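For reference, final-v4.pdb is printed below; it contains PDB, C-alpha atoms.
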```pdb
ATOM      1  CA  MET A   3       3.733 -18.104   5.082  1.00  0.00           C
ATOM      2  CA  LYS A   4       6.962 -19.850   6.026  1.00  0.00           C
ATOM      3  CA  ILE A   5       7.541 -20.676   2.374  1.00  0.00           C
ATOM      4  CA  LEU A   6       7.086 -17.010   1.440  1.00  0.00           C
ATOM      5  CA  SER A   7       9.569 -16.008   4.141  1.00  0.00           C
ATOM      6  CA  PHE A   8      12.049 -18.592   2.933  1.00  0.00           C
ATOM      7  CA  VAL A   9      11.696 -17.508  -0.690  1.00  0.00           C
ATOM      8  CA  THR A  10      12.000 -13.827   0.219  1.00  0.00           C
ATOM      9  CA  SER A  11      15.048 -14.524   2.348  1.00  0.00           C
ATOM     10  CA  THR A  12      16.661 -16.546  -0.426  1.00  0.00           C
ATOM     11  CA  LEU A  13      15.989 -13.813  -2.966  1.00  0.00           C
ATOM     12  CA  ILE A  14      17.394 -11.124  -0.701  1.00  0.00           C
ATOM     13  CA  LEU A  15      20.521 -13.159  -0.149  1.00  0.00           C
ATOM     14  CA  SER A  16      20.956 -13.567  -3.885  1.00  0.00           C
ATOM     15  CA  SER A  17      20.171  -9.891  -4.612  1.00  0.00           C
ATOM     16  CA  PHE A  18      23.053  -8.555  -2.637  1.00  0.00           C
ATOM     17  CA  ASP A  19      25.580 -10.258  -0.443  1.00  0.00           C
ATOM     18  CA  ALA A  20      23.551 -10.060   2.770  1.00  0.00           C
ATOM     19  CA  LEU A  21      26.040 -12.281   4.545  1.00  0.00           C
ATOM     20  CA  ALA A  22      28.593  -9.476   4.282  1.00  0.00           C
ATOM     21  CA  LEU A  23      26.200  -6.580   4.872  1.00  0.00           C
ATOM     22  CA  ASP A  24      24.161  -5.763   7.936  1.00  0.00           C
ATOM     23  CA  VAL A  25      20.592  -4.469   7.724  1.00  0.00           C
ATOM     24  CA  LYS A  26      21.588  -0.802   7.703  1.00  0.00           C
ATOM     25  CA  GLN A  27      24.153  -1.359   4.982  1.00  0.00           C
ATOM     26  CA  CYS A  28      21.584  -3.224   2.877  1.00  0.00           C
ATOM     27  CA  PHE A  29      19.093  -0.406   3.430  1.00  0.00           C
ATOM     28  CA  SER A  30      21.689   2.232   2.533  1.00  0.00           C
ATOM     29  CA  HIS A  31      22.606   0.302  -0.595  1.00  0.00           C
ATOM     30  CA  LEU A  32      18.969   0.313  -1.738  1.00  0.00           C
ATOM     31  CA  ASP A  33      18.332   3.950  -0.692  1.00  0.00           C
ATOM     32  CA  THR A  34      19.913   5.424  -3.805  1.00  0.00           C
ATOM     33  CA  ASN A  35      18.814   9.023  -3.169  1.00  0.00           C
ATOM     34  CA  LYS A  36      19.931   8.776   0.494  1.00  0.00           C
ATOM     35  CA  ASN A  37      16.761  10.350   1.890  1.00  0.00           C
ATOM     36  CA  GLY A  38      16.306   7.652   4.536  1.00  0.00           C
ATOM     37  CA  TYR A  39      13.390   5.907   2.821  1.00  0.00           C
ATOM     38  CA  LEU A  40      12.940   3.272   0.142  1.00  0.00           C
ATOM     39  CA  THR A  41      10.428   4.015  -2.590  1.00  0.00           C
ATOM     40  CA  HIS A  42       8.899   2.034  -5.456  1.00  0.00           C
ATOM     41  CA  ASP A  43      11.422   3.615  -7.842  1.00  0.00           C
ATOM     42  CA  GLU A  44      14.385   2.568  -5.702  1.00  0.00           C
ATOM     43  CA  LEU A  45      13.119  -0.997  -5.363  1.00  0.00           C
ATOM     44  CA  GLU A  46      12.200  -1.374  -9.031  1.00  0.00           C
ATOM     45  CA  PRO A  47      15.569  -3.021  -9.838  1.00  0.00           C
ATOM     46  CA  GLN A  48      14.766  -5.558  -7.081  1.00  0.00           C
ATOM     47  CA  PRO A  49      11.407  -7.051  -8.174  1.00  0.00           C
ATOM     48  CA  GLN A  50      11.452  -9.642  -5.392  1.00  0.00           C
ATOM     49  CA  LEU A  51      11.537  -6.822  -2.827  1.00  0.00           C
ATOM     50  CA  LEU A  52       9.096  -4.607  -4.700  1.00  0.00           C
ATOM     51  CA  SER A  53       6.532  -7.413  -4.778  1.00  0.00           C
ATOM     52  CA  THR A  54       6.277  -7.303  -0.966  1.00  0.00           C
ATOM     53  CA  PHE A  55       6.366  -3.502  -0.674  1.00  0.00           C
ATOM     54  CA  LEU A  56       2.852  -3.218   0.775  1.00  0.00           C
ATOM     55  CA  ILE A  57       3.666  -5.758   3.486  1.00  0.00           C
ATOM     56  CA  TRP A  58       6.790  -3.821   4.505  1.00  0.00           C
ATOM     57  CA  ASP A  59       5.074  -0.415   4.451  1.00  0.00           C
ATOM     58  CA  LYS A  60       3.251  -0.711   7.785  1.00  0.00           C
ATOM     59  CA  ASP A  61       2.216   2.964   8.000  1.00  0.00           C
ATOM     60  CA  GLN A  62       1.136   2.974   4.339  1.00  0.00           C
ATOM     61  CA  ASP A  63       3.001   6.172   3.449  1.00  0.00           C
ATOM     62  CA  ASN A  64       4.342   4.654   0.196  1.00  0.00           C
ATOM     63  CA  GLN A  65       7.887   4.514   1.494  1.00  0.00           C
ATOM     64  CA  ILE A  66       9.859   2.086   3.624  1.00  0.00           C
ATOM     65  CA  SER A  67      11.748   3.498   6.585  1.00  0.00           C
ATOM     66  CA  LEU A  68      14.811   1.824   8.067  1.00  0.00           C
ATOM     67  CA  ILE A  69      12.659   0.722  11.017  1.00  0.00           C
ATOM     68  CA  GLU A  70      10.057  -0.884   8.717  1.00  0.00           C
ATOM     69  CA  PHE A  71      12.854  -2.549   6.761  1.00  0.00           C
ATOM     70  CA  LYS A  72      14.511  -3.876   9.916  1.00  0.00           C
ATOM     71  CA  ASN A  73      11.235  -5.001  11.488  1.00  0.00           C
ATOM     72  CA  TYR A  74      10.171  -6.907   8.399  1.00  0.00           C
ATOM     73  CA  LEU A  75      13.502  -8.671   8.098  1.00  0.00           C
ATOM     74  CA  THR A  76      13.648  -9.444  11.806  1.00  0.00           C
ATOM     75  CA  ASN A  77      10.068 -10.680  12.102  1.00  0.00           C
ATOM     76  CA  ASN A  78       9.764 -12.539   8.813  1.00  0.00           C
ATOM     77  CA  LEU A  79      13.155 -13.850   7.832  1.00  0.00           C
ATOM     78  CA  TYR A  80      14.789 -15.039  11.057  1.00  0.00           C
TER      79      TYR A  80
END
```
Whole structure given in structure tokens:
Amino acid sequence: MKILSFVTSTLILSSFDALALDVKQCFSHLDTNKNGYLTHDELEPQPQLLSTFLIWDKDQDNQISLIEFKNYLTNNLY
């Protein structure tokens, strides 16, 4: 599990400059339609994120809220 977290973290850092962006900015960058949720379509250009979609989507509503995004990053990457 730690390896998965490390790999995911590395991929996120390489996907967009996470060192310069905070969580909300990263979320906003990915939320292309600006509806406040990330969907499969929005994450399709980021296959490393899309592959863990079901893990992020805690309420299983087929979309990732900012809270789910933040919680996953906080609990699994740091």
| Reference answer for the PyMOL selection byres ((chain A and resi 59-75) around 7), as a PyMOL selection string | chain A and resi 25+29+38-41+55-58+76-79
| remark: re atom CA of A:Thr34 and atom CA of A:Glu46: distance 11.5 Å
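What separates atom CA of A:Leu45 from atom CA of A:Asp24 is a distance of 17.9 Å.
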Output, as lines of an AutoDock Vina configuration file, the centre and edge lengths in Å (one decimal) of the axis-aligned box that contains all listed atoms of stretch 42-49 of chain A with 4 Å of margin on each side.
```
center_x = 12.2
center_y = -1.7
center_z = -7.6
size_x = 14.7
size_y = 18.7
size_z = 12.5
```
